[in-house]
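**Q** For reference, the structure I am asking about is given below.
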Amino acid sequence: MEPVKRVFLGSIATETNTFSPLRTDLQDFKDSFYAAPGQHPETPTLCSAIYPIARARAAAYGWQLVEGTATWAEPGGIVNQDTWVHLRDQLLSELRAAMPVDIVLLGLHGAMVAQDCIDCEGELLAAVRTVVGPNVIVGATFDPHSHLSAKRVENIDLITVFKEFPHTDFVEVAEALIDLAHRTATGQIAPEISTFDCRMIEVLPTSRNPMRGFIDRIKAQEGKNDILSISVIHGFMAGDVPDLGTRIIVVTDNARRQGDNLARRLGMELFGLRGTTRPEFLNPQEAIDRAASTARQPVVIADIWDNPGGGVPGDSTIILRDLMARNARNTALASIWDPIAVRTCISAGVGAELRLRFGAKMSANGGEPIDADVTVRNVVRNASQSFGTSVVPLGDSVWIDVGGIDVILNTVRSQVFNPDIFANLGIDPTTKTLLVVKSTNHFHDAFSRISDEILYAAVDGPYPNDPATNDYKHLTRAIWPRVENPHDASTE
């Protein structure tokens, strides 16, 4: 019988848009998700699914779990340095108190940047390795919209990354990490990590080809010929860091050379798909025109660059103004982040009619605030929506009617994941002609179940969406599309 293994769990996660006008502090983590040791819910969350999965498998694997704090902040701007130091040192203190341990498993995002730390996850993993020494197994899950630094790879034994975009597989990825950690601890495998720098940055949705086929092909190779795991780091173009860009990760069973070769082959194959992976991006007028011309309803328009999941405020009024100018009817929009307007509507009460200014408060890139007569249709305290089996907070929220258009205003920023964001406020999305959602692609899985017509509207301004011209200060490597052929030796 195998001896009991002590396993420490921890999670610190957010995605930092270094161009965002927002800043992120401890309250943002507490507003989104904060679970003290032992308080993680049974339902999984995007970056801390390792907690419920480890609990479910602990008895079978002979694991004694020691749970540290798990926390997540909605993507935003640069993290306050004191907040980062507090969260980092809190996790390390919990780890020291748990020693000795055999395994450390972390739920990370991979794109956190603090005021004085450009590679938060690398700094954390290096500190964890210093605490536990070279022989303890250290593993982590990552979001693909992250940055893979050498410091991270040097200090970790196992990495698994969400393969799907939208990230519908975050539970499966946690399961894979926990299974690999168990097999490593029992001597069944000896993992080796290989990586390849694709030298590109692109939007890579797996809800459509060619990425759908690419992901299916790499999944088919896992578990064969000493290949334990294959992952794709898409990169996060709104993060100005030295390691920005797409990477391939191959974890093999003591087969480093094979892993290196496979990572390079897959990386160059993925590089060959550059420029072909995005869906058709329309301007708002084109999207609204096309929506009006189709008989299939509801039509969904995604406002892809005013997506709070990319770290922007999510308070743009640009598409809503276009809809108001056209006297749109039977239309609903989710959501506009405006805590002040929400508070005013709550004070006014359900059924109240009032003149309200809302939206476009955080920057010059979100259009102009809307001043309009509105009716408060509903108020929901601590509203939420679903993302798979996880619950995503929206904070106190209101449904207002502005010129016949239903608009959701919320107090805790969140991109749109599920049609229940409408239903939970009292709006039946299936009865609408047009639904407008602020999200790049995470909405797609759930909304494709109620709509056959999904359009992507690109509004320049809120998000740094052109990596060819983004004003990167820390990126010095040659990557596409800033360089046409970055793999040419002359571009080194």
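FYI, nothing fancy with the structure tokens labels: chains A, B, ... in order, residues from 1 per chain, ligands from 1 as they appear.
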Per DSSP on the backbone, what are the alpha helix (DSSP H) residues of stretch 31-251 of chain A, as a PyMOL selection string?

**A** chain A and resi 31-32+50-61+81-98+120-132+150-154+170-185+211-221

**Q** Would you list the contacts of A:Gly349 as a list in words, taking every protein, DNA or RNA residue within 10 Å and counting only C-alpha atoms, but skipping same-chain residues closer than 3 positions in sequence?

**A**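 Using only C-alpha atoms, the neighbours found are Arg343, Thr344, Cys345, Ile346, Ala352, Glu353, Thr375, Val376, Arg377, Asn378, Val379 and Val398 of chain A.
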
**Q** Counting only C-alpha atoms, what are the residues of stretch 165-272 of chain A within 12 Å of stretch 50-57 of chain A, and for each of them which pair of atoms is the nearest and at what distance in Å, to one decimal? Sort the table by chain and rising number, as JSON lines.

**A**
{"residue": "A:Phe170", "atom": "CA", "partner": "A:Ile50", "partner_atom": "CA", "distance": 9.4}
{"residue": "A:Val171", "atom": "CA", "partner": "A:Ile50", "partner_atom": "CA", "distance": 7.8}
{"residue": "A:Glu172", "atom": "CA", "partner": "A:Ile53", "partner_atom": "CA", "distance": 9.4}
{"residue": "A:Val173", "atom": "CA", "partner": "A:Ile50", "partner_atom": "CA", "distance": 8.8}
{"residue": "A:Ala174", "atom": "CA", "partner": "A:Ile50", "partner_atom": "CA", "distance": 5.1}
{"residue": "A:Glu175", "atom": "CA", "partner": "A:Ile53", "partner_atom": "CA", "distance": 6.3}
{"residue": "A:Ala176", "atom": "CA", "partner": "A:Ile50", "partner_atom": "CA", "distance": 9.7}
{"residue": "A:Leu177", "atom": "CA", "partner": "A:Ile50", "partner_atom": "CA", "distance": 8.1}
{"residue": "A:Ile178", "atom": "CA", "partner": "A:Ala54", "partner_atom": "CA", "distance": 6.8}
{"residue": "A:Asp179", "atom": "CA", "partner": "A:Arg57", "partner_atom": "CA", "distance": 9.1}
{"residue": "A:Ala181", "atom": "CA", "partner": "A:Ala54", "partner_atom": "CA", "distance": 10.6}
{"residue": "A:His182", "atom": "CA", "partner": "A:Arg57", "partner_atom": "CA", "distance": 9.8}

**Q** How many Å lie between atom CA of A:Asn261 and atom CA of A:Ser149, rounded to one decimal?

**A**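 It comes out at 19.6 Å.
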
**Q** Can you pull out the residues contacting A:Ile201? Cut-off 8 Å, using only C-alpha atoms, and skip same-chain residues under 4 positions away; I want them as number ranges by chain.

**A** A: 234-237, 244-246, 467, 479-481

**Q** Fewer than 2 positions away in the same chain doesn't count, so skip those; otherwise give me all residues within 7 Å of stretch 80-91 of chain A, counting only C-alpha atoms, as a list of chain:residue names.

**A**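 Returned residues: A:Gly10, A:Arg23, A:Thr24, A:Asp25, A:Leu26, A:Gly68, A:Thr69, A:Ile78, A:Ser93, A:Glu94, A:Leu95, A:Ala114, A:Gln115, A:Asp116, A:Leu124.
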
**Q** Just want the 10 Å neighbourhood of A:Ser32, counted on only C-alpha atoms, with same-chain residues fewer than 2 positions away dropped. Output as a list in words.

**A** Gln27, Asp28, Phe29, Lys30, Tyr34, Thr71, Trp72, Ala73, Glu74, Pro75, Val392, Pro393, Leu394, Gly395, Val412, Arg413 and Ser414 of chain A

**Q** I need the residues in stretch 215-461 of chain A that are strand (DSSP E) according to DSSP; give them as a PDB file with N, CA and C atoms, in the first residue's frame.

**A**
ATOM      1  N   ILE A 227       3.505  10.308 -24.772  1.00  0.00           N
ATOM      2  CA  ILE A 227       2.998  11.679 -24.719  1.00  0.00           C
ATOM      3  C   ILE A 227       1.923  11.747 -23.633  1.00  0.00           C
ATOM      4  N   LEU A 228       2.211  12.496 -22.590  1.00  0.00           N
ATOM      5  CA  LEU A 228       1.283  12.601 -21.468  1.00  0.00           C
ATOM      6  C   LEU A 228       0.276  13.724 -21.663  1.00  0.00           C
ATOM      7  N   SER A 229       0.714  14.829 -22.227  1.00  0.00           N
ATOM      8  CA  SER A 229      -0.154  15.997 -22.347  1.00  0.00           C
ATOM      9  C   SER A 229       0.395  16.942 -23.408  1.00  0.00           C
ATOM     10  N   ILE A 230      -0.511  17.582 -24.136  1.00  0.00           N
ATOM     11  CA  ILE A 230      -0.137  18.621 -25.098  1.00  0.00           C
ATOM     12  C   ILE A 230      -1.044  19.828 -24.844  1.00  0.00           C
ATOM     13  N   SER A 231      -0.436  21.002 -24.779  1.00  0.00           N
ATOM     14  CA  SER A 231      -1.204  22.218 -24.524  1.00  0.00           C
ATOM     15  C   SER A 231      -0.765  23.321 -25.475  1.00  0.00           C
ATOM     16  N   VAL A 232      -1.691  24.282 -25.669  1.00  0.00           N
ATOM     17  CA  VAL A 232      -1.398  25.476 -26.459  1.00  0.00           C
ATOM     18  C   VAL A 232      -1.601  26.704 -25.577  1.00  0.00           C
ATOM     19  N   ILE A 233      -0.547  27.484 -25.414  1.00  0.00           N
ATOM     20  CA  ILE A 233      -0.685  28.814 -24.830  1.00  0.00           C
ATOM     21  C   ILE A 233      -0.987  29.766 -25.985  1.00  0.00           C
ATOM     22  N   ARG A 247       2.644  29.584 -27.540  1.00  0.00           N
ATOM     23  CA  ARG A 247       3.621  28.521 -27.255  1.00  0.00           C
ATOM     24  C   ARG A 247       2.923  27.158 -27.295  1.00  0.00           C
ATOM     25  N   ILE A 248       3.700  26.151 -27.599  1.00  0.00           N
ATOM     26  CA  ILE A 248       3.269  24.758 -27.486  1.00  0.00           C
ATOM     27  C   ILE A 248       3.966  24.146 -26.276  1.00  0.00           C
ATOM     28  N   ILE A 249       3.214  23.393 -25.477  1.00  0.00           N
ATOM     29  CA  ILE A 249       3.773  22.650 -24.344  1.00  0.00           C
ATOM     30  C   ILE A 249       3.492  21.164 -24.566  1.00  0.00           C
ATOM     31  N   VAL A 250       4.532  20.365 -24.537  1.00  0.00           N
ATOM     32  CA  VAL A 250       4.383  18.914 -24.619  1.00  0.00           C
ATOM     33  C   VAL A 250       5.007  18.302 -23.366  1.00  0.00           C
ATOM     34  N   VAL A 251       4.238  17.518 -22.643  1.00  0.00           N
ATOM     35  CA  VAL A 251       4.743  16.798 -21.474  1.00  0.00           C
ATOM     36  C   VAL A 251       4.853  15.329 -21.852  1.00  0.00           C
ATOM     37  N   THR A 252       6.065  14.789 -21.753  1.00  0.00           N
ATOM     38  CA  THR A 252       6.297  13.382 -22.100  1.00  0.00           C
ATOM     39  C   THR A 252       6.718  12.598 -20.871  1.00  0.00           C
ATOM     40  N   ASP A 253       6.645  11.287 -21.004  1.00  0.00           N
ATOM     41  CA  ASP A 253       7.127  10.379 -19.963  1.00  0.00           C
ATOM     42  C   ASP A 253       8.592  10.061 -20.245  1.00  0.00           C
ATOM     43  N   PHE A 281     -15.038  39.376 -38.558  1.00  0.00           N
ATOM     44  CA  PHE A 281     -15.305  40.523 -37.706  1.00  0.00           C
ATOM     45  C   PHE A 281     -15.971  41.624 -38.532  1.00  0.00           C
ATOM     46  N   LEU A 282     -17.143  42.059 -38.086  1.00  0.00           N
ATOM     47  CA  LEU A 282     -17.920  43.090 -38.772  1.00  0.00           C
ATOM     48  C   LEU A 282     -17.844  44.390 -37.974  1.00  0.00           C
ATOM     49  N   VAL A 299     -30.972  36.532 -33.072  1.00  0.00           N
ATOM     50  CA  VAL A 299     -29.615  36.744 -33.566  1.00  0.00           C
ATOM     51  C   VAL A 299     -28.767  37.232 -32.400  1.00  0.00           C
ATOM     52  N   VAL A 300     -27.531  36.767 -32.316  1.00  0.00           N
ATOM     53  CA  VAL A 300     -26.618  37.213 -31.273  1.00  0.00           C
ATOM     54  C   VAL A 300     -25.498  38.028 -31.914  1.00  0.00           C
ATOM     55  N   ILE A 301     -25.279  39.227 -31.405  1.00  0.00           N
ATOM     56  CA  ILE A 301     -24.124  40.039 -31.795  1.00  0.00           C
ATOM     57  C   ILE A 301     -23.192  40.136 -30.596  1.00  0.00           C
ATOM     58  N   ALA A 302     -21.945  39.738 -30.796  1.00  0.00           N
ATOM     59  CA  ALA A 302     -20.944  39.853 -29.737  1.00  0.00           C
ATOM     60  C   ALA A 302     -20.155  41.144 -29.921  1.00  0.00           C
ATOM     61  N   ASP A 303     -20.163  41.981 -28.898  1.00  0.00           N
ATOM     62  CA  ASP A 303     -19.328  43.186 -28.863  1.00  0.00           C
ATOM     63  C   ASP A 303     -17.968  42.725 -28.349  1.00  0.00           C
ATOM     64  N   THR A 331     -35.076  43.904 -28.430  1.00  0.00           N
ATOM     65  CA  THR A 331     -33.624  43.751 -28.351  1.00  0.00           C
ATOM     66  C   THR A 331     -33.185  43.830 -26.897  1.00  0.00           C
ATOM     67  N   ALA A 332     -32.202  43.028 -26.530  1.00  0.00           N
ATOM     68  CA  ALA A 332     -31.662  43.062 -25.168  1.00  0.00           C
ATOM     69  C   ALA A 332     -30.146  43.080 -25.229  1.00  0.00           C
ATOM     70  N   LEU A 333     -29.524  43.820 -24.310  1.00  0.00           N
ATOM     71  CA  LEU A 333     -28.068  43.956 -24.267  1.00  0.00           C
ATOM     72  C   LEU A 333     -27.563  43.646 -22.867  1.00  0.00           C
ATOM     73  N   ALA A 334     -26.501  42.848 -22.796  1.00  0.00           N
ATOM     74  CA  ALA A 334     -25.836  42.542 -21.522  1.00  0.00           C
ATOM     75  C   ALA A 334     -24.332  42.637 -21.733  1.00  0.00           C
ATOM     76  N   SER A 335     -23.680  43.339 -20.911  1.00  0.00           N
ATOM     77  CA  SER A 335     -24.186  44.269 -19.922  1.00  0.00           C
ATOM     78  C   SER A 335     -23.310  45.503 -19.949  1.00  0.00           C
ATOM     79  N   ILE A 336     -23.751  46.557 -19.264  1.00  0.00           N
ATOM     80  CA  ILE A 336     -22.942  47.764 -19.129  1.00  0.00           C
ATOM     81  C   ILE A 336     -22.588  47.920 -17.651  1.00  0.00           C
ATOM     82  N   TRP A 337     -21.297  48.000 -17.383  1.00  0.00           N
ATOM     83  CA  TRP A 337     -20.828  48.127 -15.999  1.00  0.00           C
ATOM     84  C   TRP A 337     -20.949  49.585 -15.564  1.00  0.00           C
ATOM     85  N   GLU A 353     -39.674  55.642 -13.432  1.00  0.00           N
ATOM     86  CA  GLU A 353     -39.246  56.264 -14.677  1.00  0.00           C
ATOM     87  C   GLU A 353     -38.386  57.472 -14.308  1.00  0.00           C
ATOM     88  N   LEU A 354     -37.205  57.561 -14.899  1.00  0.00           N
ATOM     89  CA  LEU A 354     -36.292  58.641 -14.523  1.00  0.00           C
ATOM     90  C   LEU A 354     -35.336  58.961 -15.657  1.00  0.00           C
ATOM     91  N   ARG A 355     -34.751  60.132 -15.565  1.00  0.00           N
ATOM     92  CA  ARG A 355     -33.683  60.513 -16.488  1.00  0.00           C
ATOM     93  C   ARG A 355     -32.384  59.971 -15.918  1.00  0.00           C
ATOM     94  N   LEU A 356     -31.637  59.193 -16.705  1.00  0.00           N
ATOM     95  CA  LEU A 356     -30.453  58.509 -16.191  1.00  0.00           C
ATOM     96  C   LEU A 356     -29.271  58.728 -17.122  1.00  0.00           C
ATOM     97  N   ARG A 357     -28.131  59.018 -16.549  1.00  0.00           N
ATOM     98  CA  ARG A 357     -26.865  59.004 -17.303  1.00  0.00           C
ATOM     99  C   ARG A 357     -26.167  57.702 -16.963  1.00  0.00           C
ATOM    100  N   PHE A 358     -25.773  56.931 -17.988  1.00  0.00           N
ATOM    101  CA  PHE A 358     -25.096  55.664 -17.721  1.00  0.00           C
ATOM    102  C   PHE A 358     -24.094  55.338 -18.825  1.00  0.00           C
ATOM    103  N   ILE A 370     -24.660  57.844 -22.009  1.00  0.00           N
ATOM    104  CA  ILE A 370     -26.015  57.995 -22.534  1.00  0.00           C
ATOM    105  C   ILE A 370     -26.870  58.733 -21.499  1.00  0.00           C
ATOM    106  N   ASP A 371     -27.528  59.768 -21.932  1.00  0.00           N
ATOM    107  CA  ASP A 371     -28.505  60.476 -21.116  1.00  0.00           C
ATOM    108  C   ASP A 371     -29.872  60.199 -21.717  1.00  0.00           C
ATOM    109  N   ALA A 372     -30.710  59.480 -20.987  1.00  0.00           N
ATOM    110  CA  ALA A 372     -31.986  59.065 -21.567  1.00  0.00           C
ATOM    111  C   ALA A 372     -33.020  58.845 -20.473  1.00  0.00           C
ATOM    112  N   ASP A 373     -34.278  58.895 -20.882  1.00  0.00           N
ATOM    113  CA  ASP A 373     -35.374  58.512 -19.988  1.00  0.00           C
ATOM    114  C   ASP A 373     -35.443  56.985 -19.983  1.00  0.00           C
ATOM    115  N   VAL A 374     -35.414  56.408 -18.789  1.00  0.00           N
ATOM    116  CA  VAL A 374     -35.432  54.952 -18.664  1.00  0.00           C
ATOM    117  C   VAL A 374     -36.526  54.534 -17.687  1.00  0.00           C
ATOM    118  N   THR A 375     -36.915  53.271 -17.805  1.00  0.00           N
ATOM    119  CA  THR A 375     -37.817  52.647 -16.844  1.00  0.00           C
ATOM    120  C   THR A 375     -37.083  51.497 -16.173  1.00  0.00           C
ATOM    121  N   VAL A 376     -37.115  51.453 -14.848  1.00  0.00           N
ATOM    122  CA  VAL A 376     -36.479  50.359 -14.102  1.00  0.00           C
ATOM    123  C   VAL A 376     -37.442  49.182 -14.104  1.00  0.00           C
ATOM    124  N   ARG A 377     -37.074  48.116 -14.822  1.00  0.00           N
ATOM    125  CA  ARG A 377     -37.958  46.955 -14.940  1.00  0.00           C
ATOM    126  C   ARG A 377     -37.735  45.928 -13.833  1.00  0.00           C
ATOM    127  N   ASN A 378     -36.470  45.810 -13.367  1.00  0.00           N
ATOM    128  CA  ASN A 378     -36.214  44.829 -12.305  1.00  0.00           C
ATOM    129  C   ASN A 378     -34.918  45.175 -11.596  1.00  0.00           C
ATOM    130  N   VAL A 379     -34.835  44.767 -10.345  1.00  0.00           N
ATOM    131  CA  VAL A 379     -33.633  44.902  -9.518  1.00  0.00           C
ATOM    132  C   VAL A 379     -33.319  43.534  -8.929  1.00  0.00           C
ATOM    133  N   VAL A 380     -32.061  43.090  -9.085  1.00  0.00           N
ATOM    134  CA  VAL A 380     -31.643  41.810  -8.494  1.00  0.00           C
ATOM    135  C   VAL A 380     -30.374  42.049  -7.686  1.00  0.00           C
ATOM    136  N   ARG A 381     -30.454  41.817  -6.403  1.00  0.00           N
ATOM    137  CA  ARG A 381     -29.283  41.925  -5.550  1.00  0.00           C
ATOM    138  C   ARG A 381     -28.397  40.691  -5.750  1.00  0.00           C
ATOM    139  N   ASN A 382     -27.096  40.919  -5.766  1.00  0.00           N
ATOM    140  CA  ASN A 382     -26.138  39.814  -5.909  1.00  0.00           C
ATOM    141  C   ASN A 382     -26.499  38.894  -7.082  1.00  0.00           C
ATOM    142  N   ALA A 383     -26.733  39.481  -8.210  1.00  0.00           N
ATOM    143  CA  ALA A 383     -27.083  38.705  -9.400  1.00  0.00           C
ATOM    144  C   ALA A 383     -25.894  37.865  -9.854  1.00  0.00           C
ATOM    145  N   SER A 384     -26.183  36.871 -10.688  1.00  0.00           N
ATOM    146  CA  SER A 384     -25.119  35.991 -11.181  1.00  0.00           C
ATOM    147  C   SER A 384     -25.522  35.414 -12.523  1.00  0.00           C
ATOM    148  N   GLN A 385     -24.573  34.736 -13.156  1.00  0.00           N
ATOM    149  CA  GLN A 385     -24.822  33.966 -14.367  1.00  0.00           C
ATOM    150  C   GLN A 385     -24.027  32.676 -14.250  1.00  0.00           C
ATOM    151  N   SER A 386     -24.220  31.780 -15.184  1.00  0.00           N
ATOM    152  CA  SER A 386     -23.529  30.493 -15.172  1.00  0.00           C
ATOM    153  C   SER A 386     -22.403  30.472 -16.185  1.00  0.00           C
ATOM    154  N   PHE A 387     -21.353  29.705 -15.858  1.00  0.00           N
ATOM    155  CA  PHE A 387     -20.346  29.332 -16.846  1.00  0.00           C
ATOM    156  C   PHE A 387     -20.065  27.863 -16.601  1.00  0.00           C
ATOM    157  N   SER A 390     -20.039  26.474 -12.907  1.00  0.00           N
ATOM    158  CA  SER A 390     -19.603  27.511 -11.976  1.00  0.00           C
ATOM    159  C   SER A 390     -20.568  28.686 -11.989  1.00  0.00           C
ATOM    160  N   VAL A 391     -20.544  29.444 -10.905  1.00  0.00           N
ATOM    161  CA  VAL A 391     -21.417  30.607 -10.739  1.00  0.00           C
ATOM    162  C   VAL A 391     -20.555  31.864 -10.822  1.00  0.00           C
ATOM    163  N   VAL A 392     -20.936  32.778 -11.696  1.00  0.00           N
ATOM    164  CA  VAL A 392     -20.163  33.997 -11.939  1.00  0.00           C
ATOM    165  C   VAL A 392     -20.931  35.192 -11.385  1.00  0.00           C
ATOM    166  N   PRO A 393     -20.357  35.934 -10.429  1.00  0.00           N
ATOM    167  CA  PRO A 393     -21.101  37.061  -9.838  1.00  0.00           C
ATOM    168  C   PRO A 393     -21.182  38.265 -10.756  1.00  0.00           C
ATOM    169  N   LEU A 394     -22.310  38.949 -10.687  1.00  0.00           N
ATOM    170  CA  LEU A 394     -22.527  40.211 -11.396  1.00  0.00           C
ATOM    171  C   LEU A 394     -22.708  41.369 -10.429  1.00  0.00           C
ATOM    172  N   GLY A 395     -22.839  41.054  -9.121  1.00  0.00           N
ATOM    173  CA  GLY A 395     -23.145  42.078  -8.141  1.00  0.00           C
ATOM    174  C   GLY A 395     -24.577  42.560  -8.291  1.00  0.00           C
ATOM    175  N   ASP A 396     -24.952  43.556  -7.518  1.00  0.00           N
ATOM    176  CA  ASP A 396     -26.288  44.137  -7.663  1.00  0.00           C
ATOM    177  C   ASP A 396     -26.464  44.620  -9.094  1.00  0.00           C
ATOM    178  N   SER A 397     -27.588  44.248  -9.694  1.00  0.00           N
ATOM    179  CA  SER A 397     -27.806  44.532 -11.121  1.00  0.00           C
ATOM    180  C   SER A 397     -29.245  44.985 -11.349  1.00  0.00           C
ATOM    181  N   VAL A 398     -29.435  45.716 -12.449  1.00  0.00           N
ATOM    182  CA  VAL A 398     -30.779  46.182 -12.791  1.00  0.00           C
ATOM    183  C   VAL A 398     -31.038  45.965 -14.270  1.00  0.00           C
ATOM    184  N   TRP A 399     -32.307  45.776 -14.573  1.00  0.00           N
ATOM    185  CA  TRP A 399     -32.791  45.739 -15.965  1.00  0.00           C
ATOM    186  C   TRP A 399     -33.532  47.035 -16.200  1.00  0.00           C
ATOM    187  N   ILE A 400     -33.029  47.801 -17.185  1.00  0.00           N
ATOM    188  CA  ILE A 400     -33.718  49.040 -17.546  1.00  0.00           C
ATOM    189  C   ILE A 400     -34.206  48.953 -18.981  1.00  0.00           C
ATOM    190  N   ASP A 401     -35.273  49.671 -19.241  1.00  0.00           N
ATOM    191  CA  ASP A 401     -35.804  49.833 -20.599  1.00  0.00           C
ATOM    192  C   ASP A 401     -35.416  51.234 -21.054  1.00  0.00           C
ATOM    193  N   VAL A 402     -34.619  51.312 -22.122  1.00  0.00           N
ATOM    194  CA  VAL A 402     -34.239  52.610 -22.669  1.00  0.00           C
ATOM    195  C   VAL A 402     -34.684  52.657 -24.126  1.00  0.00           C
ATOM    196  N   ILE A 405     -35.399  49.243 -25.667  1.00  0.00           N
ATOM    197  CA  ILE A 405     -34.313  48.259 -25.634  1.00  0.00           C
ATOM    198  C   ILE A 405     -34.062  47.863 -24.179  1.00  0.00           C
ATOM    199  N   ASP A 406     -34.000  46.566 -23.914  1.00  0.00           N
ATOM    200  CA  ASP A 406     -33.717  46.066 -22.569  1.00  0.00           C
ATOM    201  C   ASP A 406     -32.211  46.034 -22.348  1.00  0.00           C
ATOM    202  N   VAL A 407     -31.748  46.697 -21.297  1.00  0.00           N
ATOM    203  CA  VAL A 407     -30.321  46.791 -21.005  1.00  0.00           C
ATOM    204  C   VAL A 407     -30.079  46.356 -19.563  1.00  0.00           C
ATOM    205  N   ILE A 408     -29.065  45.526 -19.353  1.00  0.00           N
ATOM    206  CA  ILE A 408     -28.657  45.125 -18.017  1.00  0.00           C
ATOM    207  C   ILE A 408     -27.460  45.970 -17.592  1.00  0.00           C
ATOM    208  N   LEU A 409     -27.576  46.592 -16.424  1.00  0.00           N
ATOM    209  CA  LEU A 409     -26.474  47.314 -15.796  1.00  0.00           C
ATOM    210  C   LEU A 409     -26.022  46.513 -14.576  1.00  0.00           C
ATOM    211  N   ASN A 410     -24.700  46.371 -14.396  1.00  0.00           N
ATOM    212  CA  ASN A 410     -24.217  45.561 -13.283  1.00  0.00           C
ATOM    213  C   ASN A 410     -23.126  46.295 -12.509  1.00  0.00           C
ATOM    214  N   LEU A 434     -33.038  40.194 -31.167  1.00  0.00           N
ATOM    215  CA  LEU A 434     -31.600  40.445 -31.162  1.00  0.00           C
ATOM    216  C   LEU A 434     -31.087  40.476 -29.734  1.00  0.00           C
ATOM    217  N   LEU A 435     -29.973  39.774 -29.501  1.00  0.00           N
ATOM    218  CA  LEU A 435     -29.262  39.799 -28.229  1.00  0.00           C
ATOM    219  C   LEU A 435     -27.857  40.330 -28.491  1.00  0.00           C
ATOM    220  N   VAL A 436     -27.438  41.327 -27.722  1.00  0.00           N
ATOM    221  CA  VAL A 436     -26.084  41.857 -27.820  1.00  0.00           C
ATOM    222  C   VAL A 436     -25.357  41.509 -26.539  1.00  0.00           C
ATOM    223  N   VAL A 437     -24.177  40.876 -26.679  1.00  0.00           N
ATOM    224  CA  VAL A 437     -23.434  40.420 -25.498  1.00  0.00           C
ATOM    225  C   VAL A 437     -21.994  40.902 -25.580  1.00  0.00           C
ATOM    226  N   GLU A 453     -27.580  32.065 -35.449  1.00  0.00           N
ATOM    227  CA  GLU A 453     -26.930  33.186 -36.134  1.00  0.00           C
ATOM    228  C   GLU A 453     -26.149  34.003 -35.112  1.00  0.00           C
ATOM    229  N   ILE A 454     -24.827  33.818 -35.107  1.00  0.00           N
ATOM    230  CA  ILE A 454     -23.956  34.532 -34.187  1.00  0.00           C
ATOM    231  C   ILE A 454     -22.997  35.390 -34.998  1.00  0.00           C
ATOM    232  N   LEU A 455     -22.992  36.688 -34.709  1.00  0.00           N
ATOM    233  CA  LEU A 455     -22.173  37.657 -35.425  1.00  0.00           C
ATOM    234  C   LEU A 455     -21.183  38.308 -34.462  1.00  0.00           C
ATOM    235  N   TYR A 456     -20.016  38.689 -35.002  1.00  0.00           N
ATOM    236  CA  TYR A 456     -18.963  39.290 -34.185  1.00  0.00           C
ATOM    237  C   TYR A 456     -18.761  40.735 -34.642  1.00  0.00           C
ATOM    238  N   ALA A 457     -18.997  41.682 -33.732  1.00  0.00           N
ATOM    239  CA  ALA A 457     -18.853  43.096 -34.045  1.00  0.00           C
ATOM    240  C   ALA A 457     -17.586  43.638 -33.389  1.00  0.00           C
TER     241      ALA A 457
END

**Q** So how many Å separate atom CA of A:Asn155 and atom CA of A:Thr14, to one decimal?

**A**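 Between atom CA of A:Asn155 and atom CA of A:Thr14 the gap is 20.3 Å.
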
**Q** Using only C-alpha atoms, can you tell me which of A:Lys438, A:Val4, A:Pro284, A:Asp488 comes closest to A:Val459?

**A**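 Using only C-alpha atoms, A:Val459 sits closest to A:Pro284.
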
**Q** Quick check, in Å to one decimal: how far apart do atom CA of A:Gln39 and atom CA of A:Gly107 lie?

**A**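 Those two atoms sit 15.3 Å apart.
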